[in-house]
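Asker: Pasting final29.tsv below, which is TSV, C-alpha atoms (C1' of nucleotides).
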```tsv
chain	number	residue	atom	x	y	z
A	3	MET	CA	-40.07	-11.66	-47.06
A	4	PRO	CA	-40.32	-7.89	-46.79
A	5	PRO	CA	-37.13	-6.05	-45.93
A	6	ARG	CA	-36.56	-5.23	-42.30
A	7	SER	CA	-36.60	-1.64	-41.18
A	8	ILE	CA	-33.67	-0.30	-39.22
A	9	ARG	CA	-35.87	0.18	-36.23
A	10	ASP	CA	-36.37	-3.56	-36.16
A	11	GLU	CA	-32.72	-4.26	-36.66
A	12	ILE	CA	-31.43	-2.20	-33.82
A	13	LYS	CA	-34.36	-3.23	-31.65
A	14	GLN	CA	-35.35	0.31	-31.09
A	15	ARG	CA	-38.63	0.76	-29.34
A	16	ARG	CA	-39.18	4.44	-29.75
A	17	PRO	CA	-39.59	6.12	-33.11
A	18	PHE	CA	-36.76	8.26	-34.42
A	19	GLU	CA	-36.83	11.92	-33.58
A	20	SER	CA	-36.90	12.81	-37.25
A	21	ALA	CA	-36.98	11.17	-40.63
A	22	GLU	CA	-33.53	12.63	-41.21
A	23	GLN	CA	-32.10	10.88	-38.17
A	24	GLU	CA	-33.62	7.64	-39.30
A	25	ALA	CA	-32.14	8.07	-42.75
A	26	VAL	CA	-28.69	8.77	-41.33
A	27	VAL	CA	-28.79	5.69	-39.13
A	28	ALA	CA	-30.05	3.58	-41.99
A	29	LEU	CA	-27.29	4.86	-44.23
A	30	LEU	CA	-24.55	4.09	-41.73
A	31	ARG	CA	-25.97	0.69	-40.89
A	32	THR	CA	-26.41	-0.29	-44.50
A	33	ALA	CA	-22.91	0.78	-45.46
A	34	SER	CA	-21.54	-1.18	-42.55
A	35	ASP	CA	-23.39	-4.31	-43.67
A	36	VAL	CA	-22.22	-3.94	-47.24
A	37	ALA	CA	-18.66	-3.25	-46.15
A	38	ARG	CA	-18.56	-6.38	-44.04
A	39	ARG	CA	-19.86	-8.39	-46.95
A	40	ILE	CA	-17.13	-7.06	-49.22
A	41	ASP	CA	-14.49	-7.58	-46.58
A	42	ALA	CA	-15.45	-11.23	-46.39
A	43	THR	CA	-14.95	-11.60	-50.11
A	44	LEU	CA	-11.62	-9.78	-50.14
A	45	ALA	CA	-10.35	-11.74	-47.18
A	46	THR	CA	-10.33	-14.85	-49.35
A	47	GLY	CA	-7.54	-13.15	-51.27
A	48	GLY	CA	-5.79	-11.87	-48.17
A	49	LEU	CA	-6.66	-8.27	-48.89
A	50	THR	CA	-8.52	-5.63	-46.95
A	51	GLN	CA	-10.87	-3.17	-48.52
A	52	PRO	CA	-8.50	-0.19	-48.46
A	53	GLN	CA	-5.72	-2.38	-49.81
A	54	TYR	CA	-7.92	-3.49	-52.67
A	55	ASN	CA	-8.84	0.11	-53.24
A	56	VAL	CA	-5.20	1.17	-53.51
A	57	LEU	CA	-4.43	-1.61	-55.95
A	58	ARG	CA	-7.37	-0.64	-58.14
A	59	ILE	CA	-6.22	2.94	-58.15
A	60	LEU	CA	-2.67	2.03	-59.07
A	61	ARG	CA	-3.76	-0.33	-61.79
A	62	GLY	CA	-6.11	2.25	-63.23
A	63	ALA	CA	-3.42	4.92	-63.32
A	64	ASP	CA	-1.39	5.55	-66.44
A	65	GLY	CA	1.86	5.27	-64.55
A	66	PRO	CA	3.35	5.57	-61.07
A	67	LEU	CA	1.40	7.77	-58.68
A	68	PRO	CA	2.75	9.87	-55.83
A	69	THR	CA	1.52	8.86	-52.40
A	70	MET	CA	-0.74	11.83	-51.88
A	71	GLU	CA	-2.38	11.31	-55.23
A	72	VAL	CA	-3.26	7.78	-54.20
A	73	ALA	CA	-4.67	9.12	-50.96
A	74	ALA	CA	-6.74	11.70	-52.80
A	75	ARG	CA	-8.49	9.00	-54.79
A	76	MET	CA	-9.37	6.85	-51.82
A	77	VAL	CA	-12.50	6.89	-49.75
A	78	THR	CA	-10.49	8.19	-46.85
A	79	PRO	CA	-7.69	10.67	-47.52
A	80	THR	CA	-4.47	11.02	-45.49
A	81	PRO	CA	-2.35	9.94	-43.51
A	82	GLY	CA	-3.04	6.29	-42.94
A	83	ILE	CA	-1.94	5.99	-46.53
A	84	THR	CA	1.73	5.69	-45.62
A	85	ARG	CA	1.27	2.64	-43.45
A	86	LEU	CA	-1.22	1.16	-45.85
A	87	LEU	CA	1.36	1.36	-48.61
A	88	ASP	CA	4.00	0.03	-46.24
A	89	ARG	CA	2.03	-3.17	-45.89
A	90	LEU	CA	1.37	-3.49	-49.59
A	91	VAL	CA	5.06	-3.00	-50.31
A	92	GLY	CA	5.84	-5.56	-47.65
A	93	ALA	CA	3.47	-7.99	-49.34
A	94	GLY	CA	5.16	-7.38	-52.67
A	95	LEU	CA	2.04	-5.99	-54.32
A	96	VAL	CA	3.35	-2.45	-54.71
A	97	THR	CA	6.74	-0.84	-55.22
A	98	ARG	CA	7.67	2.61	-54.04
A	99	VAL	CA	10.60	4.67	-55.29
A	100	ALA	CA	11.65	8.24	-54.70
A	101	CYS	CA	10.79	10.71	-57.42
A	102	ARG	CA	13.86	12.29	-58.92
A	103	LYS	CA	12.18	15.49	-60.01
A	104	ASP	CA	10.62	16.21	-56.62
A	105	ARG	CA	12.45	14.44	-53.91
A	106	ARG	CA	9.63	14.88	-51.43
A	107	ARG	CA	7.51	12.50	-53.44
A	108	MET	CA	7.38	8.75	-53.44
A	109	LEU	CA	6.11	7.12	-56.60
A	110	CYS	CA	3.96	4.03	-56.19
A	111	THR	CA	3.46	1.31	-58.77
A	112	ILE	CA	1.49	-1.90	-58.73
A	113	THR	CA	3.52	-5.06	-59.24
A	114	ASP	CA	2.60	-8.10	-61.29
A	115	ASP	CA	1.71	-9.89	-58.08
A	116	GLY	CA	-0.58	-6.99	-57.30
A	117	ARG	CA	-2.29	-7.30	-60.65
A	118	ALA	CA	-2.64	-11.02	-60.16
A	119	ALA	CA	-4.29	-10.49	-56.79
A	120	LEU	CA	-6.78	-8.10	-58.37
A	121	ASP	CA	-7.53	-10.46	-61.20
A	122	ARG	CA	-8.18	-13.25	-58.76
A	123	LEU	CA	-10.63	-11.20	-56.74
A	124	ALA	CA	-12.35	-9.14	-59.41
A	125	PRO	CA	-15.06	-11.67	-60.32
A	126	SER	CA	-16.16	-12.25	-56.73
A	127	VAL	CA	-16.21	-8.55	-55.99
A	128	SER	CA	-18.25	-7.86	-59.07
A	129	GLU	CA	-20.65	-10.64	-58.21
A	130	GLY	CA	-20.90	-9.40	-54.68
A	131	ALA	CA	-21.92	-5.95	-55.78
A	132	VAL	CA	-24.57	-7.31	-58.08
A	133	GLY	CA	-25.83	-9.62	-55.37
A	134	VAL	CA	-26.13	-6.90	-52.80
A	135	MET	CA	-28.08	-4.69	-55.19
A	136	SER	CA	-30.11	-7.51	-56.64
A	137	ARG	CA	-33.37	-6.43	-55.05
A	138	LEU	CA	-33.22	-3.01	-56.68
A	139	SER	CA	-34.46	-2.40	-60.20
A	140	ALA	CA	-32.29	-0.46	-62.60
A	141	ASP	CA	-34.41	2.58	-61.89
A	142	ASP	CA	-34.06	2.06	-58.16
A	143	THR	CA	-30.30	1.83	-58.47
A	144	ALA	CA	-30.16	5.04	-60.45
A	145	THR	CA	-32.38	6.75	-57.90
A	146	LEU	CA	-30.24	5.52	-55.04
A	147	LEU	CA	-27.19	6.90	-56.78
A	148	ARG	CA	-28.82	10.27	-57.24
A	149	LEU	CA	-30.00	10.48	-53.65
A	150	LEU	CA	-26.56	9.58	-52.37
A	151	ASP	CA	-25.07	12.32	-54.53
A	152	GLU	CA	-27.44	14.76	-52.87
A	153	VAL	CA	-26.53	13.55	-49.42
A	154	ARG	CA	-22.83	14.07	-50.08
A	155	GLU	CA	-23.63	17.50	-51.39
A	156	GLY	CA	-25.47	18.14	-48.15
A	157	VAL	CA	-22.42	17.09	-46.19
A	158	ARG	CA	-20.29	19.50	-48.14
A	159	ALA	CA	-22.76	22.29	-47.51
A	160	ALA	CA	-22.80	21.50	-43.81
A	161	GLU	CA	-19.04	21.59	-43.72
A	162	ARG	CA	-18.94	25.01	-45.28
A	163	ALA	CA	-21.45	26.33	-42.77
A	164	PRO	CA	-19.77	26.29	-39.35
A	165	THR	CA	-21.88	24.05	-37.15
A	166	THR	CA	-23.67	25.32	-34.12
B	3	MET	CA	-24.24	23.84	-57.86
B	4	PRO	CA	-25.22	20.35	-58.97
B	5	PRO	CA	-24.07	17.48	-56.79
B	6	ARG	CA	-20.83	15.80	-57.74
B	7	SER	CA	-20.91	12.23	-58.93
B	8	ILE	CA	-18.67	9.70	-57.23
B	9	ARG	CA	-16.72	9.31	-60.41
B	10	ASP	CA	-15.69	12.91	-60.11
B	11	GLU	CA	-14.90	12.60	-56.46
B	12	ILE	CA	-12.57	9.69	-56.70
B	13	LYS	CA	-11.13	11.06	-59.95
B	14	GLN	CA	-11.96	7.92	-61.77
B	15	ARG	CA	-11.40	8.12	-65.47
B	16	ARG	CA	-13.02	4.93	-66.59
B	17	PRO	CA	-16.70	4.19	-66.13
B	18	PHE	CA	-17.70	1.64	-63.54
B	19	GLU	CA	-18.07	-1.94	-64.64
B	20	SER	CA	-21.68	-1.96	-63.59
B	21	ALA	CA	-24.31	0.29	-62.11
B	22	GLU	CA	-24.25	-1.98	-59.08
B	23	GLN	CA	-20.57	-1.42	-58.48
B	24	GLU	CA	-21.08	2.30	-58.79
B	25	ALA	CA	-23.92	2.19	-56.30
B	26	VAL	CA	-21.84	0.21	-53.82
B	27	VAL	CA	-18.95	2.65	-54.05
B	28	ALA	CA	-21.31	5.60	-53.74
B	29	LEU	CA	-22.92	4.05	-50.69
B	30	LEU	CA	-19.62	3.44	-48.93
B	31	ARG	CA	-18.26	6.82	-49.81
B	32	THR	CA	-21.39	8.65	-48.72
B	33	ALA	CA	-21.56	6.83	-45.41
B	34	SER	CA	-17.93	7.63	-44.79
B	35	ASP	CA	-18.56	11.32	-45.43
B	36	VAL	CA	-21.59	11.38	-43.18
B	37	ALA	CA	-19.78	9.46	-40.45
B	38	ARG	CA	-16.91	11.90	-40.47
B	39	ARG	CA	-19.33	14.77	-40.20
B	40	ILE	CA	-21.00	13.19	-37.19
B	41	ASP	CA	-17.68	12.35	-35.61
B	42	ALA	CA	-16.70	15.99	-35.81
B	43	THR	CA	-19.85	16.96	-33.95
B	44	LEU	CA	-19.45	14.30	-31.28
B	45	ALA	CA	-15.80	15.14	-30.77
B	46	THR	CA	-16.85	18.50	-29.35
B	47	GLY	CA	-18.29	16.50	-26.47
B	48	GLY	CA	-15.34	14.14	-26.23
B	49	LEU	CA	-17.32	11.18	-27.51
B	50	THR	CA	-16.88	8.88	-30.46
B	51	GLN	CA	-19.72	7.58	-32.53
B	52	PRO	CA	-19.87	4.11	-31.01
B	53	GLN	CA	-19.61	5.60	-27.55
B	54	TYR	CA	-22.53	7.89	-28.29
B	55	ASN	CA	-24.38	4.92	-29.67
B	56	VAL	CA	-23.86	2.92	-26.48
B	57	LEU	CA	-25.03	5.79	-24.33
B	58	ARG	CA	-28.17	6.20	-26.43
B	59	ILE	CA	-28.90	2.52	-26.10
B	60	LEU	CA	-28.44	2.52	-22.35
B	61	ARG	CA	-30.53	5.62	-21.87
B	62	GLY	CA	-33.29	4.20	-24.03
B	63	ALA	CA	-33.38	0.93	-22.10
B	64	ASP	CA	-35.80	0.39	-19.26
B	65	GLY	CA	-33.05	-0.71	-16.92
B	66	PRO	CA	-29.54	-2.12	-16.87
B	67	LEU	CA	-28.57	-4.10	-19.95
B	68	PRO	CA	-26.20	-7.06	-20.16
B	69	THR	CA	-23.15	-6.46	-22.31
B	70	MET	CA	-24.22	-8.68	-25.16
B	71	GLU	CA	-27.59	-7.02	-25.35
B	72	VAL	CA	-25.88	-3.68	-25.81
B	73	ALA	CA	-23.73	-5.21	-28.53
B	74	ALA	CA	-26.77	-6.61	-30.27
B	75	ARG	CA	-28.30	-3.18	-30.62
B	76	MET	CA	-25.23	-1.53	-32.05
B	77	VAL	CA	-24.28	-1.06	-35.65
B	78	THR	CA	-21.43	-3.46	-35.11
B	79	PRO	CA	-21.95	-6.47	-32.86
B	80	THR	CA	-19.31	-8.19	-30.72
B	81	PRO	CA	-16.57	-8.20	-29.21
B	82	GLY	CA	-15.16	-4.73	-29.35
B	83	ILE	CA	-18.00	-4.00	-26.99
B	84	THR	CA	-15.99	-4.97	-23.94
B	85	ARG	CA	-13.26	-2.44	-24.52
B	86	LEU	CA	-15.74	0.16	-25.62
B	87	LEU	CA	-17.54	-0.22	-22.32
B	88	ASP	CA	-14.22	-0.24	-20.50
B	89	ARG	CA	-13.53	3.26	-21.75
B	90	LEU	CA	-17.00	4.52	-20.96
B	91	VAL	CA	-16.72	3.13	-17.45
B	92	GLY	CA	-13.32	4.76	-17.19
B	93	ALA	CA	-14.83	8.07	-18.24
B	94	GLY	CA	-17.54	7.68	-15.62
B	95	LEU	CA	-20.36	7.65	-18.14
B	96	VAL	CA	-21.38	4.04	-17.53
B	97	THR	CA	-21.32	1.66	-14.60
B	98	ARG	CA	-20.99	-2.08	-14.88
B	99	VAL	CA	-21.88	-4.57	-12.18
B	100	ALA	CA	-22.06	-8.34	-12.14
B	101	CYS	CA	-25.51	-9.84	-12.40
B	102	ARG	CA	-26.44	-11.85	-9.35
B	103	LYS	CA	-28.83	-14.17	-11.12
B	104	ASP	CA	-26.39	-15.10	-13.86
B	105	ARG	CA	-22.86	-14.45	-12.82
B	106	ARG	CA	-21.57	-14.59	-16.35
B	107	ARG	CA	-23.37	-11.39	-17.13
B	108	MET	CA	-22.33	-7.83	-16.57
B	109	LEU	CA	-25.10	-5.29	-16.27
B	110	CYS	CA	-24.46	-1.87	-17.76
B	111	THR	CA	-26.15	1.35	-16.73
B	112	ILE	CA	-25.74	4.91	-17.89
B	113	THR	CA	-24.68	7.39	-15.21
B	114	ASP	CA	-25.92	10.92	-14.68
B	115	ASP	CA	-22.74	12.17	-16.30
B	116	GLY	CA	-23.55	9.97	-19.25
B	117	ARG	CA	-27.00	11.45	-19.54
B	118	ALA	CA	-25.58	14.92	-19.28
B	119	ALA	CA	-23.15	14.21	-22.10
B	120	LEU	CA	-26.01	13.03	-24.28
B	121	ASP	CA	-28.12	16.06	-23.45
B	122	ARG	CA	-25.24	18.33	-24.36
B	123	LEU	CA	-24.73	16.70	-27.74
B	124	ALA	CA	-28.26	15.85	-28.78
B	125	PRO	CA	-29.15	19.19	-30.37
B	126	SER	CA	-26.02	19.32	-32.54
B	127	VAL	CA	-26.45	15.72	-33.62
B	128	SER	CA	-30.05	16.34	-34.51
B	129	GLU	CA	-29.16	19.46	-36.43
B	130	GLY	CA	-26.34	17.65	-38.17
B	131	ALA	CA	-28.68	14.95	-39.43
B	132	VAL	CA	-31.14	17.49	-40.73
B	133	GLY	CA	-28.35	19.45	-42.37
B	134	VAL	CA	-26.91	16.45	-44.13
B	135	MET	CA	-30.30	15.48	-45.51
B	136	SER	CA	-31.36	19.02	-46.26
B	137	ARG	CA	-31.19	18.63	-50.02
B	138	LEU	CA	-33.64	15.75	-50.01
B	139	SER	CA	-37.37	16.26	-50.00
B	140	ALA	CA	-39.50	14.32	-47.57
B	141	ASP	CA	-40.37	11.95	-50.38
B	142	ASP	CA	-36.73	11.56	-51.29
B	143	THR	CA	-35.85	10.74	-47.71
B	144	ALA	CA	-38.56	8.12	-47.55
B	145	THR	CA	-37.39	6.65	-50.83
B	146	LEU	CA	-33.79	6.55	-49.64
B	147	LEU	CA	-34.91	4.73	-46.54
B	148	ARG	CA	-36.80	2.18	-48.56
B	149	LEU	CA	-33.93	1.57	-50.96
B	150	LEU	CA	-31.50	1.14	-48.10
B	151	ASP	CA	-33.86	-1.41	-46.55
B	152	GLU	CA	-33.73	-3.32	-49.81
B	153	VAL	CA	-29.96	-3.18	-49.95
B	154	ARG	CA	-29.65	-4.62	-46.46
B	155	GLU	CA	-32.09	-7.32	-47.44
B	156	GLY	CA	-29.84	-8.04	-50.42
B	157	VAL	CA	-26.87	-8.37	-48.10
B	158	ARG	CA	-28.76	-10.86	-45.97
B	159	ALA	CA	-29.72	-12.86	-49.02
B	160	ALA	CA	-26.12	-12.88	-50.24
B	161	GLU	CA	-24.98	-14.12	-46.86
B	162	ARG	CA	-27.37	-17.01	-46.93
B	163	ALA	CA	-26.20	-18.02	-50.39
B	164	PRO	CA	-22.59	-19.18	-50.05
B	165	THR	CA	-20.57	-16.90	-52.32
B	166	THR	CA	-18.54	-18.19	-55.20
C	25	DG	C1'	19.46	34.75	-54.42
C	26	DG	C1'	17.50	34.18	-49.98
C	27	DT	C1'	13.69	33.70	-46.90
C	28	DG	C1'	9.08	32.49	-45.48
C	29	DA	C1'	5.17	29.68	-46.82
C	30	DA	C1'	3.31	25.59	-48.61
C	31	DA	C1'	3.41	20.80	-49.99
C	32	DT	C1'	4.89	15.79	-49.36
C	33	DG	C1'	5.32	12.35	-46.53
C	34	DT	C1'	6.40	9.98	-41.95
C	35	DT	C1'	5.62	8.86	-37.14
C	36	DG	C1'	3.32	8.33	-32.48
C	37	DA	C1'	-0.86	7.96	-29.90
C	38	DT	C1'	-5.59	6.59	-29.39
C	39	DG	C1'	-9.98	4.38	-30.57
C	40	DC	C1'	-12.48	1.03	-33.27
C	41	DG	C1'	-13.63	-3.51	-35.97
C	42	DT	C1'	-12.52	-8.26	-36.54
C	43	DC	C1'	-10.75	-12.81	-35.72
C	44	DA	C1'	-9.40	-16.40	-32.73
C	45	DA	C1'	-8.44	-18.39	-28.37
C	46	DC	C1'	-9.83	-18.64	-23.81
C	47	DT	C1'	-12.34	-18.60	-18.94
C	48	DA	C1'	-16.26	-19.12	-16.34
C	49	DA	C1'	-20.81	-19.94	-15.53
C	50	DA	C1'	-25.21	-21.93	-16.76
C	51	DT	C1'	-27.95	-25.46	-19.08
C	52	DG	C1'	-29.45	-29.75	-21.16
C	53	DC	C1'	-29.61	-34.43	-21.21
C	54	DG	C1'	-28.96	-39.02	-20.08
D	9	DC	C1'	-26.05	-36.34	-10.34
D	10	DG	C1'	-22.40	-35.65	-13.98
D	11	DC	C1'	-20.68	-34.43	-18.17
D	12	DA	C1'	-21.03	-32.11	-22.70
D	13	DT	C1'	-22.74	-28.13	-24.78
D	14	DT	C1'	-23.92	-23.44	-24.94
D	15	DT	C1'	-23.66	-18.71	-23.59
D	16	DA	C1'	-21.37	-14.39	-21.69
D	17	DG	C1'	-17.65	-11.99	-21.62
D	18	DT	C1'	-12.57	-11.05	-21.86
D	19	DT	C1'	-8.08	-10.78	-24.03
D	20	DG	C1'	-4.38	-10.63	-27.66
D	21	DA	C1'	-3.15	-9.58	-32.29
D	22	DC	C1'	-3.67	-7.00	-36.44
D	23	DG	C1'	-5.32	-3.44	-39.71
D	24	DC	C1'	-7.40	0.97	-40.31
D	25	DA	C1'	-8.89	6.12	-39.37
D	26	DT	C1'	-7.73	10.32	-37.25
D	27	DC	C1'	-5.16	13.92	-34.93
D	28	DA	C1'	-1.04	16.28	-34.06
D	29	DA	C1'	3.80	17.01	-34.47
D	30	DC	C1'	7.62	16.80	-37.38
D	31	DA	C1'	11.47	16.69	-41.30
D	32	DT	C1'	12.39	17.60	-45.86
D	33	DT	C1'	11.90	19.80	-49.98
D	34	DT	C1'	10.06	22.95	-53.15
D	35	DC	C1'	8.04	27.33	-54.44
D	36	DA	C1'	6.81	32.20	-54.49
D	37	DC	C1'	7.98	36.57	-53.74
D	38	DC	C1'	10.75	40.30	-52.69
```
Starting from the file, lay out its structure as structure tokens.
Answerer:
Amino acid sequence: MPPRSIRDEIKQRRPFESAEQEAVVALLRTASDVARRIDATLATGGLTQPQYNVLRILRGADGPLPTMEVAARMVTPTPGITRLLDRLVGAGLVTRVACRKDRRRMLCTITDDGRAALDRLAPSVSEGAVGVMSRLSADDTATLLRLLDEVREGVRAAERAPTT
Amino acid sequence: MPPRSIRDEIKQRRPFESAEQEAVVALLRTASDVARRIDATLATGGLTQPQYNVLRILRGADGPLPTMEVAARMVTPTPGITRLLDRLVGAGLVTRVACRKDRRRMLCTITDDGRAALDRLAPSVSEGAVGVMSRLSADDTATLLRLLDEVREGVRAAERAPTT
DNA sequence: GGTGAAATGTTGATGCGTCAACTAAATGCG
DNA sequence: CGCATTTAGTTGACGCATCAACATTTCACC
């Protein structure tokens, strides 16, 4: 079975105005599909994707991280981070204490329960990623990675140049 | 300036567990960046991305479309569609009337104001897409498209096979 | 040392995605 | 015909992203 084009998937009759538009739509659609797949996996552990992301960040850190540093390492920066951490603290997966040196900061740490939740989910997540990419050769995967790097670079360039 | 790798961007110290994981993260991150860029453009016209999407669908249709048909053509299917349409109707960009043949159905149509909003935004959106993809050659863009098709196919395959 | 600027984080409002429960209308089938 | 099933759409609840406004604290500079 050959892969379906986006035009098929969104039942679009008319061709895209430009190859670039088609690529953008394909990118957004694909990411949405992948995200939903991952969400389904994480939901079995009662976590959402951003929550999982925060836990990974905190576990990977050498020690406690200030809130904004957590935000900086996420896919999406501020300020939803506060409420996201609120929920994780509420669930007992993260602790948050005021920093004594800089009293503006809150230091976040993953708890043992948090680590346990990660350990439980890690295999499925890993499998999921492999599964999703299974139709791509190693070369294809590397190429995809490179092209995505270029796209992000293009976004940055567009942001620097004030849009019309 | 060479493009930045995702590892740099999310300040990750340790390498990814697998190339697949890295590709998945890169895909999600890139889509998020692109989406935010597009949102910024659409916001100048007071529209969100899904709202723009709905308007495009309705304008592209031959006639009125039932709600679920609109949903089916969107990036994300049901049932947020109802409230999405509620807001568009509220803004006067869409009208919704009950279908006489099948009274369960609501038929949605784009209004002249809706068309005008699209016309106003179309050039910027088009430019934005080109700008974001500007660092990719035509071949690169085609390759990206093909690889994304394969990824979505991988997602479908993973969905058919009950995950661990 | 004191003042203005910058950084850290929180909160409220709004829109969206997702799940689950529900109504209402149409359809299939005996 | 009559009842069960299916389909279309709505609604409520929850989590997240984003914007703007805000309090607190620190920092830089004079």
Asker: Got a sec: who's within 10 Å of region 29-32 of chain D, counting only C-alpha atoms (C1' of nucleotides), leaving out chain neighbours fewer than 2 positions off, as a list of chain:residue names?
Answerer: A:Arg105, A:Arg106, C:DT32, C:DG33, C:DT34, C:DT35, C:DG36, D:DC27, D:DT34
Asker: Would you mind exporting the chosen residues as an mmCIF file, in the frame of the given file, restricted to C-alpha atoms (C1' of nucleotides)?
Answerer:
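Below is the file selection.cif, written as the result:
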```cif
data_model
loop_
_atom_site.group_PDB
_atom_site.id
_atom_site.type_symbol
_atom_site.label_atom_id
_atom_site.label_comp_id
_atom_site.auth_asym_id
_atom_site.auth_seq_id
_atom_site.Cartn_x
_atom_site.Cartn_y
_atom_site.Cartn_z
ATOM 1 C CA ARG A 105 12.450 14.440 -53.910
ATOM 2 C CA ARG A 106 9.630 14.880 -51.430
ATOM 3 C "C1'" DT C 32 4.890 15.790 -49.360
ATOM 4 C "C1'" DG C 33 5.320 12.350 -46.530
ATOM 5 C "C1'" DT C 34 6.400 9.980 -41.950
ATOM 6 C "C1'" DT C 35 5.620 8.860 -37.140
ATOM 7 C "C1'" DG C 36 3.320 8.330 -32.480
ATOM 8 C "C1'" DC D 27 -5.160 13.920 -34.930
ATOM 9 C "C1'" DT D 34 10.060 22.950 -53.150
#
```
Asker: Counting all atoms listed in the file, which of D:DA28, D:DA36, D:DA16, D:DA21 gets nearest to chain B?
Answerer: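 Among D:DA28, D:DA36, D:DA16, D:DA21, it is D:DA16 that comes nearest to chain B.
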Asker: Could you check how far CA of Asp151 (chain A) sits from CA of Ala159 (chain B), in Å to one decimal?
Answerer: 26.2 Å
Asker: Quick one, how far is CA of Tyr54 (chain B) from CA of Arg31 (chain B)?
Answerer: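 A separation of 22.0 Å between them.
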Asker: Please produce, as JSON lines, a per-residue contact table for chain A versus chain D (criterion: any atom at most 10 Å away, all atoms listed in the file considered), showing the nearest atom pair and its distance in Å to one decimal, sorted by chain then residue number.
Answerer:
```
{"residue": "A:Thr50", "atom": "CA", "partner": "D:DG23", "partner_atom": "C1'", "distance": 8.2}
{"residue": "A:Gln51", "atom": "CA", "partner": "D:DC24", "partner_atom": "C1'", "distance": 9.8}
{"residue": "A:Pro52", "atom": "CA", "partner": "D:DC24", "partner_atom": "C1'", "distance": 8.3}
{"residue": "A:Thr78", "atom": "CA", "partner": "D:DA25", "partner_atom": "C1'", "distance": 7.9}
{"residue": "A:Pro79", "atom": "CA", "partner": "D:DA25", "partner_atom": "C1'", "distance": 9.4}
{"residue": "A:Thr80", "atom": "CA", "partner": "D:DT26", "partner_atom": "C1'", "distance": 8.9}
{"residue": "A:Pro81", "atom": "CA", "partner": "D:DT26", "partner_atom": "C1'", "distance": 8.3}
{"residue": "A:Gly82", "atom": "CA", "partner": "D:DA25", "partner_atom": "C1'", "distance": 6.9}
{"residue": "A:Ile83", "atom": "CA", "partner": "D:DC24", "partner_atom": "C1'", "distance": 9.7}
{"residue": "A:Arg85", "atom": "CA", "partner": "D:DC24", "partner_atom": "C1'", "distance": 9.4}
{"residue": "A:Leu86", "atom": "CA", "partner": "D:DC24", "partner_atom": "C1'", "distance": 8.3}
{"residue": "A:Arg89", "atom": "CA", "partner": "D:DG23", "partner_atom": "C1'", "distance": 9.6}
{"residue": "A:Asp104", "atom": "CA", "partner": "D:DT34", "partner_atom": "C1'", "distance": 7.6}
{"residue": "A:Arg105", "atom": "CA", "partner": "D:DT33", "partner_atom": "C1'", "distance": 6.7}
{"residue": "A:Arg106", "atom": "CA", "partner": "D:DT33", "partner_atom": "C1'", "distance": 5.6}
{"residue": "A:Arg107", "atom": "CA", "partner": "D:DT33", "partner_atom": "C1'", "distance": 9.2}
```
Asker: Which value, in Å to one decimal, gives the distance between CA of Ser128 (chain B) and CA of Val157 (chain A)?
Answerer: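 Atom-to-atom, CA of Ser128 (chain B) and CA of Val157 (chain A) are spaced 14.0 Å apart.
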Asker: Have a look at C:DA31, C:DG25, C:DA45, C:DA50 and name the one nearest to chain A; count all atoms listed in the file.
Answerer: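 Answer, going by the shortest atom-to-atom distance: C:DA31.
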Asker: Counting all atoms listed in the file, which residues of chain B come no farther than 6 Å from chain A, as a PyMOL selection string?
Answerer: chain B and resi 5+12+22-23+25+30-33+75+77+131-132+134-135+147+151-157
Asker: Closest to chain C among A:Met108, A:Val56, A:Val99, A:Leu44, using all atoms listed in the file?
Answerer: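 For chain C, the nearest of the given residues is A:Met108.
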Asker: Could you list, as a list in words, the residues of chain C having an atom within 12 Å of chain B when counting only C-alpha atoms (C1' of nucleotides)?
Answerer: DT38, DG39, DC40, DG41, DT42, DC43, DA44, DT47, DA48, DA49, DA50 and DT51 of chain C
Asker: Please provide the set of residues having any atom within 12 Å of Thr113 (chain A), restricted to all atoms listed in the file, with same-chain residues fewer than 2 positions apart removed, written as a PyMOL selection string.
Answerer: chain A and resi 57-58+60-61+65-66+90-98+110-111+115-120
